[in-house]
$ cat model-v5.txt   # compact mmCIF, N, CA and C atoms
# COMPACT_ATOMS: atom_id res chain seq x y z
N MET W 1 0.84 -1.17 0.00
CA MET W 1 0.00 0.00 0.00
C MET W 1 0.89 1.24 0.00
N PRO W 2 0.52 2.24 -0.82
CA PRO W 2 1.33 3.46 -0.84
C PRO W 2 1.17 4.25 0.46
N GLN W 3 2.15 5.05 0.71
CA GLN W 3 2.12 5.92 1.88
C GLN W 3 1.09 7.03 1.66
N ILE W 4 0.33 7.36 2.71
CA ILE W 4 -0.63 8.45 2.62
C ILE W 4 0.03 9.71 3.15
N ILE W 5 -0.04 10.77 2.34
CA ILE W 5 0.59 12.04 2.70
C ILE W 5 -0.46 13.14 2.67
N LEU W 6 -0.54 13.91 3.75
CA LEU W 6 -1.39 15.10 3.80
C LEU W 6 -0.48 16.31 3.88
N ARG W 7 -0.67 17.25 2.98
CA ARG W 7 0.13 18.48 2.97
C ARG W 7 -0.81 19.66 3.15
N PHE W 8 -0.37 20.63 3.93
CA PHE W 8 -1.16 21.83 4.16
C PHE W 8 -0.30 23.04 3.85
N ASN W 9 -0.78 23.87 2.94
CA ASN W 9 -0.10 25.12 2.61
C ASN W 9 -0.96 26.25 3.16
N ILE W 10 -0.42 27.01 4.10
CA ILE W 10 -1.13 28.15 4.67
C ILE W 10 -0.67 29.39 3.93
N LYS W 11 -1.60 30.03 3.25
CA LYS W 11 -1.29 31.18 2.41
C LYS W 11 -1.31 32.47 3.24
N PRO W 12 -0.69 33.53 2.73
CA PRO W 12 -0.64 34.80 3.47
C PRO W 12 -2.01 35.35 3.86
N ASP W 13 -3.05 35.05 3.06
CA ASP W 13 -4.39 35.54 3.38
C ASP W 13 -5.10 34.69 4.42
N GLY W 14 -4.43 33.64 4.92
CA GLY W 14 -5.00 32.78 5.95
C GLY W 14 -5.73 31.56 5.41
N SER W 15 -5.92 31.50 4.11
CA SER W 15 -6.58 30.32 3.54
C SER W 15 -5.61 29.14 3.57
N VAL W 16 -6.16 27.95 3.58
CA VAL W 16 -5.36 26.73 3.68
C VAL W 16 -5.62 25.87 2.46
N GLN W 17 -4.55 25.45 1.81
CA GLN W 17 -4.65 24.50 0.70
C GLN W 17 -4.25 23.14 1.23
N GLU W 18 -5.12 22.17 1.02
CA GLU W 18 -4.89 20.82 1.52
C GLU W 18 -4.62 19.92 0.31
N ILE W 19 -3.53 19.17 0.35
CA ILE W 19 -3.17 18.27 -0.74
C ILE W 19 -3.02 16.87 -0.15
N VAL W 20 -3.71 15.91 -0.75
CA VAL W 20 -3.69 14.53 -0.27
C VAL W 20 -3.08 13.65 -1.36
N GLU W 21 -2.13 12.82 -0.96
CA GLU W 21 -1.48 11.90 -1.89
C GLU W 21 -1.57 10.48 -1.34
N GLY W 22 -1.70 9.52 -2.24
CA GLY W 22 -1.69 8.12 -1.84
C GLY W 22 -3.04 7.55 -1.47
N VAL W 23 -4.12 8.28 -1.79
CA VAL W 23 -5.47 7.81 -1.50
C VAL W 23 -6.29 7.89 -2.77
N THR W 24 -7.06 6.85 -3.07
CA THR W 24 -7.90 6.85 -4.25
C THR W 24 -9.36 6.92 -3.84
N GLY W 25 -10.18 7.32 -4.78
CA GLY W 25 -11.62 7.36 -4.55
C GLY W 25 -12.02 8.34 -3.46
N HIS W 26 -13.16 8.07 -2.86
CA HIS W 26 -13.71 8.96 -1.84
C HIS W 26 -12.96 8.86 -0.51
N GLY W 27 -11.96 8.03 -0.43
CA GLY W 27 -11.16 7.91 0.78
C GLY W 27 -10.53 9.24 1.17
N CYS W 28 -10.21 10.05 0.19
CA CYS W 28 -9.63 11.37 0.45
C CYS W 28 -10.60 12.23 1.25
N ASP W 29 -11.85 12.27 0.81
CA ASP W 29 -12.86 13.06 1.51
C ASP W 29 -13.11 12.53 2.91
N LEU W 30 -13.16 11.22 3.03
CA LEU W 30 -13.41 10.60 4.34
C LEU W 30 -12.26 10.89 5.31
N LEU W 31 -11.06 10.84 4.81
CA LEU W 31 -9.88 11.04 5.64
C LEU W 31 -9.74 12.49 6.10
N THR W 32 -10.07 13.42 5.24
CA THR W 32 -9.84 14.83 5.56
C THR W 32 -11.05 15.53 6.19
N LYS W 33 -12.18 14.88 6.24
CA LYS W 33 -13.40 15.50 6.77
C LYS W 33 -13.22 16.10 8.17
N PRO W 34 -12.65 15.37 9.15
CA PRO W 34 -12.51 15.96 10.49
C PRO W 34 -11.59 17.18 10.51
N ILE W 35 -10.57 17.17 9.67
CA ILE W 35 -9.65 18.30 9.61
C ILE W 35 -10.37 19.51 9.02
N GLU W 36 -11.10 19.29 7.94
CA GLU W 36 -11.81 20.38 7.28
C GLU W 36 -12.87 20.98 8.20
N GLN W 37 -13.53 20.15 8.98
CA GLN W 37 -14.53 20.65 9.92
C GLN W 37 -13.87 21.56 10.96
N SER W 38 -12.68 21.24 11.37
CA SER W 38 -11.97 22.07 12.35
C SER W 38 -11.45 23.36 11.74
N LEU W 39 -11.04 23.31 10.47
CA LEU W 39 -10.49 24.49 9.82
C LEU W 39 -11.57 25.50 9.44
N GLY W 40 -12.76 25.02 9.14
CA GLY W 40 -13.83 25.93 8.74
C GLY W 40 -14.40 25.56 7.39
N GLU W 41 -14.99 26.54 6.73
CA GLU W 41 -15.69 26.32 5.48
C GLU W 41 -14.73 25.99 4.34
N VAL W 42 -15.09 25.00 3.54
CA VAL W 42 -14.31 24.64 2.35
C VAL W 42 -14.81 25.51 1.21
N SER W 43 -13.93 26.34 0.66
CA SER W 43 -14.35 27.26 -0.40
C SER W 43 -14.20 26.66 -1.79
N GLN W 44 -13.30 25.70 -1.93
CA GLN W 44 -13.09 25.08 -3.24
C GLN W 44 -12.52 23.69 -3.05
N ARG W 45 -12.94 22.77 -3.91
CA ARG W 45 -12.42 21.40 -3.86
C ARG W 45 -12.09 20.98 -5.28
N THR W 46 -10.86 20.56 -5.49
CA THR W 46 -10.42 20.08 -6.80
C THR W 46 -9.91 18.66 -6.62
N HIS W 47 -10.55 17.74 -7.33
CA HIS W 47 -10.13 16.34 -7.22
C HIS W 47 -9.11 16.01 -8.31
N THR W 48 -8.14 15.19 -7.93
CA THR W 48 -7.13 14.70 -8.87
C THR W 48 -7.67 13.46 -9.58
N PRO W 49 -6.99 12.99 -10.62
CA PRO W 49 -7.44 11.78 -11.30
C PRO W 49 -7.56 10.57 -10.35
N GLU W 50 -6.73 10.53 -9.29
CA GLU W 50 -6.79 9.41 -8.34
C GLU W 50 -8.15 9.34 -7.64
N PHE W 51 -8.83 10.48 -7.50
CA PHE W 51 -10.13 10.50 -6.85
C PHE W 51 -11.12 9.61 -7.59
N TYR W 52 -11.00 9.57 -8.90
CA TYR W 52 -11.95 8.84 -9.73
C TYR W 52 -11.61 7.35 -9.86
N ALA W 53 -10.51 6.94 -9.27
CA ALA W 53 -10.14 5.51 -9.26
C ALA W 53 -10.83 4.84 -8.09
N LYS W 54 -11.10 3.59 -8.22
CA LYS W 54 -11.75 2.84 -7.14
C LYS W 54 -10.70 2.39 -6.13
N MET W 55 -11.09 2.45 -4.85
CA MET W 55 -10.21 1.94 -3.79
C MET W 55 -10.31 0.42 -3.76
N ASN W 56 -9.19 -0.22 -3.53
CA ASN W 56 -9.26 -1.66 -3.31
C ASN W 56 -9.67 -1.90 -1.86
N SER W 57 -9.99 -3.11 -1.50
CA SER W 57 -10.51 -3.40 -0.17
C SER W 57 -9.49 -3.12 0.93
N ILE W 58 -8.21 -3.31 0.65
CA ILE W 58 -7.17 -3.03 1.65
C ILE W 58 -7.10 -1.54 1.92
N GLN W 59 -7.13 -0.73 0.87
CA GLN W 59 -7.12 0.73 1.05
C GLN W 59 -8.35 1.18 1.82
N ASN W 60 -9.49 0.62 1.49
CA ASN W 60 -10.74 0.98 2.16
C ASN W 60 -10.65 0.68 3.65
N LYS W 61 -10.13 -0.48 4.02
CA LYS W 61 -10.00 -0.83 5.44
C LYS W 61 -9.01 0.10 6.14
N HIS W 62 -7.94 0.47 5.46
CA HIS W 62 -6.95 1.37 6.04
C HIS W 62 -7.57 2.75 6.30
N ILE W 63 -8.35 3.25 5.37
CA ILE W 63 -9.02 4.54 5.53
C ILE W 63 -10.01 4.46 6.70
N GLU W 64 -10.76 3.38 6.79
CA GLU W 64 -11.70 3.21 7.90
C GLU W 64 -10.96 3.22 9.24
N TYR W 65 -9.82 2.57 9.30
CA TYR W 65 -9.02 2.56 10.53
C TYR W 65 -8.58 3.98 10.88
N LEU W 66 -8.06 4.71 9.89
CA LEU W 66 -7.61 6.08 10.14
C LEU W 66 -8.75 6.97 10.61
N GLU W 67 -9.92 6.78 10.04
CA GLU W 67 -11.08 7.58 10.46
C GLU W 67 -11.41 7.33 11.93
N ASP W 68 -11.33 6.10 12.34
CA ASP W 68 -11.72 5.72 13.70
C ASP W 68 -10.66 6.01 14.75
N HIS W 69 -9.39 6.04 14.39
CA HIS W 69 -8.34 6.08 15.40
C HIS W 69 -7.43 7.29 15.39
N ASP W 70 -6.89 7.66 14.26
CA ASP W 70 -5.81 8.64 14.24
C ASP W 70 -6.20 10.04 14.66
N TRP W 71 -7.43 10.47 14.48
CA TRP W 71 -7.79 11.85 14.75
C TRP W 71 -8.43 12.03 16.11
N ILE W 72 -8.64 10.96 16.85
CA ILE W 72 -9.26 11.07 18.16
C ILE W 72 -8.39 11.91 19.08
N GLY W 73 -8.94 12.98 19.59
CA GLY W 73 -8.21 13.85 20.50
C GLY W 73 -7.28 14.84 19.84
N CYS W 74 -7.16 14.81 18.52
CA CYS W 74 -6.24 15.72 17.83
C CYS W 74 -6.90 17.04 17.44
N ILE W 75 -8.21 17.03 17.40
CA ILE W 75 -8.89 18.22 16.91
C ILE W 75 -9.76 18.80 18.00
$ encode --input "model-v5.txt" --output "structure tokens"
Amino acid sequence: MPQIILRFNIKPDGSVQEIVEGVTGHGCDLLTKPIEQSLGEVSQRTHTPEFYAKMNSIQNKHIEYLEDHDWIGCI
């Protein structure tokens, strides 16, 4: 499984650009939802070609695990 990378670019105007690598399909949205809720309103969303690819079952289980465990207490 590829490594999942989340990158955040904070611009001078205070807006935040979020870049996700290593996730296919809707896993990106599921993974970043708690972070986006904490940051505020999403003004624009641009999906990469990987978004339109289907997740395999291993990726799906990994995303479910991250949703349930990694963000608890972080936000």
$ residues_around --input "model-v5.txt" --residues "Ile5 of chain W" --least-positions-apart "2" --cutoff "6 Å" --atoms "only N, CA and C atoms" --output "PDB file with N, CA and C atoms, keeping the file's coordinate frame"
ATOM      1  N   GLN W   3       2.150   5.050   0.710  1.00  0.00           N
ATOM      2  CA  GLN W   3       2.120   5.920   1.880  1.00  0.00           C
ATOM      3  C   GLN W   3       1.090   7.030   1.660  1.00  0.00           C
ATOM      4  N   ARG W   7      -0.670  17.250   2.980  1.00  0.00           N
ATOM      5  CA  ARG W   7       0.130  18.480   2.970  1.00  0.00           C
ATOM      6  C   ARG W   7      -0.810  19.660   3.150  1.00  0.00           C
ATOM      7  N   ILE W  19      -3.530  19.170   0.350  1.00  0.00           N
ATOM      8  CA  ILE W  19      -3.170  18.270  -0.740  1.00  0.00           C
ATOM      9  C   ILE W  19      -3.020  16.870  -0.150  1.00  0.00           C
ATOM     10  N   VAL W  20      -3.710  15.910  -0.750  1.00  0.00           N
ATOM     11  CA  VAL W  20      -3.690  14.530  -0.270  1.00  0.00           C
ATOM     12  C   VAL W  20      -3.080  13.650  -1.360  1.00  0.00           C
ATOM     13  N   GLU W  21      -2.130  12.820  -0.960  1.00  0.00           N
ATOM     14  CA  GLU W  21      -1.480  11.900  -1.890  1.00  0.00           C
ATOM     15  C   GLU W  21      -1.570  10.480  -1.340  1.00  0.00           C
ATOM     16  N   GLY W  22      -1.700   9.520  -2.240  1.00  0.00           N
ATOM     17  CA  GLY W  22      -1.690   8.120  -1.840  1.00  0.00           C
ATOM     18  C   GLY W  22      -3.040   7.550  -1.470  1.00  0.00           C
TER      19      GLY W  22
END
$ atom_distance --input "model-v5.txt" --atom1 "atom CA of Ser15 of chain W" --atom2 "atom CA of Glu41 of chain W"
10.1 Å
$ atom_distance --input "model-v5.txt" --atom1 "atom CA of Val16 of chain W" --atom2 "atom N of Leu30 of chain W"
17.4 Å
$ atom_distance --input "model-v5.txt" --atom1 "atom CA of Cys28 of chain W" --atom2 "atom CA of Lys11 of chain W"
21.6 Å
